[in-house]
Each structure stands twice: as structure tokens, then as C-alpha cells.
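Here the structure comes first, spelled out in C-alpha cells, and everything after it is commentary.
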Amino acid sequence: MTGRGVRARLVALLAALVLGGTPATGASATTSTTSTTDTTPATAITSARRADAPVVTVDRLEAARGASITVSGKGWRPGALLTLLVCGQNMIGGTNACANAEGRTVTTAPDGTFRRGLPVAAPPEPCPCVVHVATVTGEPAAADAAFSVSGHPVEPLPQQRTGGERLSVLDARLEGGGSLLTWFGAPPKRRLVVTVANLGPTPAVDPAFRLGTSRGVLAPSWEDRPWRGTVAAGSKERVSLDVELAAGAYGDYLVSLQYGGTVLVEQPWDVSRPWGVTLFWILLCVVVPLAVFRAGMAVVDRLRPRAPARAAPGPGGAATAPSLPWFTPATGPRAAQPREPDGGAR
């Protein structure tokens with residue numbers, strides 16, 4: 001092979017290498033572009049979801065009790081009914097930590113915004129506090145805004161639970177009985193005493209139970225009942241919770257205890273009828289007409305005319321004439337005239 005042929009082969013080899021590397025570079029660029037294009041929409045969707053979340057703001061971060069603040073919001077469902085509450089402990093214990101009596105309601109505008117005044121009240125739990133806004137009907141949504149009540153106690157937040165506790169009920173019973181007031185319609189009261197065991201690997205610190213009461217086929221009415229204490233892993237504790245029904249309640253009730261969305265136990269409760277109320281109405285229906293009758297008879301007795309007084313006997317035993325001109329049927333003037341016989345003078 002001549003030198004000219006070798007040079008020709010080297011030139012051809014270099015040309016092949018250059019042309020072969022260019023497509024690979026183009027493929028890498030295409031792959032990189034595709035990857036960038038696929039990632040951008042996901043980031044945009046995440047940002048859009050965060051932007052659509054409801055937002056709550058307050059015009060002041062701190063105010064004294066009795067003052068008024070303005071709460072504003074955006075990103076809510078149009079026409080939604082919202083509740084505004086001042087809550088303590090960052091509302092960890094639910095609405096039991098909020099000043100429910102001083103809460104307000106508001107309806108959102110068509111664009112999902114609202115603006116409402118809210119009186120500042122001291123929540124039942126210490127601060128740190130928040131202004132809690134939540135929907136009443138429809139799809140649930142909620143948002144909080146940090147807020148401080150001047151002069152209100154401040155305590156650290158409770159330790160967050162790890163969620164490893166597993167509570168179960170070993171024994172349950174209702175303690176207590178009725179009283180004389182309950183027989184006349186007072187609210188029936190009992191105490192639910194349960195023995196709770198923790199089968200999980202972590203302790204249950206201040207477990208927040210929910211207590212429900214129901215009658216017949218109706219759904220239970222739940223109430224948050226936090227319990228102060230710790231159920232260590234592998235141990236058991238005795239928990240007592242008070243149960244109270246409405247005034248005048250009677251019939252077959254069911255008391256339920258729930259924790260973490262699971263019903264732990266259901267205890268039946270037979271509430272006797274308040275017969276004292278029935279007796280009261282029966283006596284009322286008898287006594288009132290009798291009292292009205294006696295009052296009417298007393299009025300009639302006062303209004304009717306009195307009978308004339310009889311003549312008193314004189315010294316000789318003869319009756320003296322009365323001072324008033326009353327006459328008896330046998331002593332009247334006409335009675336003194338003699339009657340003519342049937343065959344009298346013609």
C-alpha cells in the first residue's frame with residue numbers, strides 16, 4: 001500500500017468518527033429537552049394546587065380581649081358558609097379549645113373571598129392561639145391564621161404523638177343511678193368507666209377520646225373528651241368519662257367510645273321514664289279546675305242576697321216584730337182578712 005492510500009484511509013476514518021458522534025450528541029440534547037419538558041408541568045401543577053388552597057389573614061397579630069379584628073380570606077369555594085373562631089393551643093384539641101360562643105359566620109363572595117369582623121375572646125385553652133376558619137357544609141376546608149390574645153396565658157404545645165399506640169378496652173361499665181330530680185325530668189347522668197390497654201410500642205399521651213350517645217337507629221352525637229394521662233406501652237389504665245343526656249330523656253340509649261376513628265366499646269343504657277312529670281300534669285289537671293270551682297263558688301256566695309233576719313223572742317216569750325217591713329206568708333195584711341164561706345151573703 002502506497003502512502004497516498006494510507007492517507008486516504010485515515011481521512012475516511014476521521015470523517016466517520018466525526019459524523020458518528022454528532023447524532024449521539026443530538027440524541028442527548030433531545031433526551032435532556034424531553035426530560036425538562038416533562039418535569040415543568042409537574043412543578044406547575046404543584047404550584048397551582050398550593051395557590052388554590054384557602055388563605056386566611058388578620059389585620060392585627062395581637063389584640064386585647066373585647067377588641068375586634070378583621071378577618072379576610074381568599075381561595076374559598078364561592079357561596080360557602082364559614083365559621084370564624086379564636087382557638088387556643090393551635091386548636092390541637094379541636095373546637096373544645098375555641099371560644100365558640102363568640103364565633104361568627106360569613107358567606108364567601110362569588111370570587112371566593114370574604115371579609116368579616118370578629119370579636120376577640122379568651123379561648124378556654126392557653127395560647128399560642130389561632131383564628132380558625134372552616135366550612136360548615138359541602139366539601140370540608142379549613143385554614144388558620146396565627147394570632148395572640150393580650151394577657152392570655154401562654155403554654156407550650158403538647159408533645160406530638162408518634163401514632164404507634166394501639167388502645168383497646170378490656171372492661172366497660174356505667175356507674176351511677178337516678179335521683180329524685182331525674183324522676184321529675186332532670187338530665188340523666190352516668191359515668192362511663194373503662195379499662196384501656198395499650199398494645200402498641202409507644203405510649204399514648206393525653207389520648208383524645210370521643211364520646212357518643214344515640215337512641216334507637218339514630219346516629220351517635222359525638223363529643224370530644226380528652227383524657228389527661230399517659231397509657232404506657234404494654235400497660236393498662238382506668239379511664240372515667242361523664243355522660244349526660246338532655247332533660248326529660250328516656251328510652252334505650254347507646255353510649256359509644258371512639259379513639260382514632262375506631263369505636264372501642266358500646267354500652268347500652270336504659271333510661272327510665274320521668275314519671276314525676278306525668279304525675280305533676282295529672283295533679284295540675286285536677287287541682288286547677290277544683291281551685292277555679294272553689295273561687296267561683298266564693299264569688300257567687302258574696303253576690304247572692306242575704307235572707308231576712310227572724311224576730312227575736314220578747315220578755316214574755318212573744319216574738320217582737322222585726323224592724324224592717326218583712327212579712328212571712330202567714331202574717332201578711334191579706335192573710336189577716338177573713339175568708340167568706342161558699343154560701344155567703346148575696
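Identifiers in the C-alpha cells: chain A, B, ... in order shown; residue index from 1 per chain; ligand index from 1 in order shown.
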Give me, as CSV, each residue of range 97-169 of chain A that comes within 10 Å of range 228-243 of chain A, together with its shortest interatomic pair and the distance in Å at one decimal, counting only C-alpha atoms, with rows ordered by chain and rising residue number.
residue,atom,partner,partner_atom,distance
A:Gly164,CA,A:Ala233,CA,9.4
A:Glu165,CA,A:Ala233,CA,7.3
A:Arg166,CA,A:Ala233,CA,8.7
A:Leu167,CA,A:Val231,CA,8.7
A:Ser168,CA,A:Lys236,CA,9.3
A:Val169,CA,A:Lys236,CA,9.1
Keeping only C-alpha atoms, write the selected residues to a file as a PDB file, in the first residue's frame.
ATOM      1  CA  GLY A 164     -47.716   3.933  67.378  1.00  0.00           C
ATOM      2  CA  GLU A 165     -50.175   3.491  70.248  1.00  0.00           C
ATOM      3  CA  ARG A 166     -52.934   0.882  69.939  1.00  0.00           C
ATOM      4  CA  LEU A 167     -55.659   1.265  72.518  1.00  0.00           C
ATOM      5  CA  SER A 168     -58.241  -1.372  73.298  1.00  0.00           C
ATOM      6  CA  VAL A 169     -60.901  -1.677  76.002  1.00  0.00           C
TER       7      VAL A 169
END
Let's see if you can do this: from backbone DSSP, list all helix (DSSP H, G or I) residues in range 141-288 of chain A, as a list in words.
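Assigned to helix (DSSP H, G or I), within range 141-288 of chain A: Leu180, Leu181, Thr182, Trp183, Trp275, Gly276, Val277, Thr278, Leu279, Phe280, Trp281, Ile282, Leu283, Leu284, Cys285, Val286, Val287 and Val288 of chain A.
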Near range 222-224 of chain A, within 9 Å and counting only C-alpha atoms, which residues show up once chain neighbours fewer than 3 positions away are dropped, as a ChimeraX atom specification?
/A:93-96,208-213,256,258
Looking at only C-alpha atoms, which of A:Ala99, A:Cys127, A:Val255, A:Ala141 is the one that sits closest to Gly75 in chain A?
A:Ala141
Show me, as a CSV table (one decimal) with N, CA, C and O atoms, in the first residue's frame, the residues that have an atom within 6 Å of range 81-92 of chain A when counting only C-alpha atoms, minus same-chain residues fewer than 2 positions from it.
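Result file follows (part-v6.csv):
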chain,number,residue,atom,x,y,z
A,94,GLY,N,-59.2,20.4,69.0
A,94,GLY,CA,-60.5,20.5,68.3
A,94,GLY,C,-61.2,21.8,68.7
A,94,GLY,O,-60.6,22.7,69.3
A,97,ALA,N,-61.2,23.7,72.2
A,97,ALA,CA,-60.2,24.7,72.6
A,97,ALA,C,-60.5,26.1,72.0
A,97,ALA,O,-59.7,27.0,72.1
A,98,CYS,N,-61.7,26.3,71.5
A,98,CYS,CA,-62.1,27.6,70.9
A,98,CYS,C,-63.2,28.3,71.7
A,98,CYS,O,-63.9,27.7,72.5
A,99,ALA,N,-63.3,29.6,71.5
A,99,ALA,CA,-64.3,30.4,72.1
A,99,ALA,C,-65.5,30.3,71.2
A,99,ALA,O,-65.8,31.2,70.4
A,103,GLY,N,-68.0,33.1,68.4
A,103,GLY,CA,-67.7,32.9,67.0
A,103,GLY,C,-68.6,33.7,66.1
A,103,GLY,O,-69.7,34.1,66.4
A,104,ARG,N,-68.2,33.8,64.8
A,104,ARG,CA,-69.0,34.4,63.8
A,104,ARG,C,-69.1,33.6,62.5
A,104,ARG,O,-68.3,32.6,62.3
A,105,THR,N,-70.1,33.9,61.7
A,105,THR,CA,-70.2,33.2,60.4
A,105,THR,C,-70.2,34.2,59.3
A,105,THR,O,-70.5,35.4,59.5
A,106,VAL,N,-69.8,33.7,58.1
A,106,VAL,CA,-69.8,34.6,56.9
A,106,VAL,C,-69.9,33.7,55.7
A,106,VAL,O,-69.6,32.5,55.7
A,107,THR,N,-70.5,34.3,54.6
A,107,THR,CA,-70.7,33.6,53.4
A,107,THR,C,-69.7,34.2,52.4
A,107,THR,O,-69.6,35.5,52.2
A,123,PRO,N,-60.0,32.2,74.6
A,123,PRO,CA,-60.3,30.8,74.5
A,123,PRO,C,-60.2,30.0,75.7
A,123,PRO,O,-59.4,30.4,76.7
A,125,GLU,N,-58.5,27.4,76.2
A,125,GLU,CA,-57.1,26.8,76.3
A,125,GLU,C,-56.1,28.0,76.2
A,125,GLU,O,-56.4,29.0,75.6
A,126,PRO,N,-54.9,27.8,76.7
A,126,PRO,CA,-53.9,28.9,76.6
A,126,PRO,C,-53.4,29.0,75.2
A,126,PRO,O,-53.5,28.1,74.4
A,127,CYS,N,-52.7,30.2,75.0
A,127,CYS,CA,-52.1,30.4,73.7
A,127,CYS,C,-50.8,29.5,73.6
A,127,CYS,O,-50.3,29.0,74.7
A,128,PRO,N,-50.2,29.3,72.4
A,128,PRO,CA,-50.4,30.0,71.2
A,128,PRO,C,-51.8,29.8,70.6
A,128,PRO,O,-52.3,28.7,70.6
A,129,CYS,N,-52.3,30.9,70.1
A,129,CYS,CA,-53.7,30.9,69.6
A,129,CYS,C,-53.7,31.1,68.0
A,129,CYS,O,-52.7,31.6,67.4
A,130,VAL,N,-54.8,30.8,67.5
A,130,VAL,CA,-55.1,30.9,66.0
A,130,VAL,C,-56.5,31.4,65.8
A,130,VAL,O,-57.4,31.2,66.6
A,131,VAL,N,-56.7,32.0,64.6
A,131,VAL,CA,-58.0,32.3,64.1
A,131,VAL,C,-58.4,31.2,63.2
A,131,VAL,O,-57.8,31.1,62.1
A,132,HIS,N,-59.3,30.3,63.5
A,132,HIS,CA,-59.7,29.2,62.8
A,132,HIS,C,-60.9,29.4,61.9
A,132,HIS,O,-61.9,29.9,62.4
A,133,VAL,N,-60.8,29.2,60.6
A,133,VAL,CA,-61.9,29.3,59.7
A,133,VAL,C,-62.1,28.0,59.0
A,133,VAL,O,-61.2,27.4,58.5
A,134,ALA,N,-63.4,27.6,59.0
A,134,ALA,CA,-63.7,26.3,58.4
A,134,ALA,C,-65.1,26.3,57.8
A,134,ALA,O,-65.9,27.2,58.1
A,135,THR,N,-65.3,25.5,56.8
A,135,THR,CA,-66.6,25.4,56.1
A,135,THR,C,-67.6,24.7,57.0
A,135,THR,O,-67.2,23.8,57.8
A,136,VAL,N,-68.9,25.0,56.8
A,136,VAL,CA,-69.9,24.4,57.6
A,136,VAL,C,-70.6,23.3,56.8
A,136,VAL,O,-70.9,22.2,57.3
Between A:Arg225, A:Arg77, A:Arg115, A:Arg65, which residue has the minimum interatomic distance to Gly151 in chain A, considering only C-alpha atoms?
A:Arg65
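Atom to atom, CA of Glu175 in chain A and CA of Glu266 in chain A stand 14.5 Å apart.
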My list of candidates is A:Pro226, A:Gly73, A:Val193, A:Cys285. Which is closest to Asp171 in chain A when distances are computed with only C-alpha atoms?
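Checking each candidate against Asp171 in chain A, we get A:Val193 as the closest.
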Backbone-only DSSP, strand (DSSP E or B) members of range 73-180 of chain A, as a ChimeraX atom specification:
/A:73-74,81-87,98,104-107,114-119,127,129-135,142-150,154,167-175
In terms of the shortest atom-to-atom distance over only C-alpha atoms, which of A:Arg215, A:Ala80, A:Tyr259, A:Thr195 is closest to Thr137 in chain A?
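Looking only at the distances to Thr137 in chain A, the closest residue turns out to be A:Ala80.
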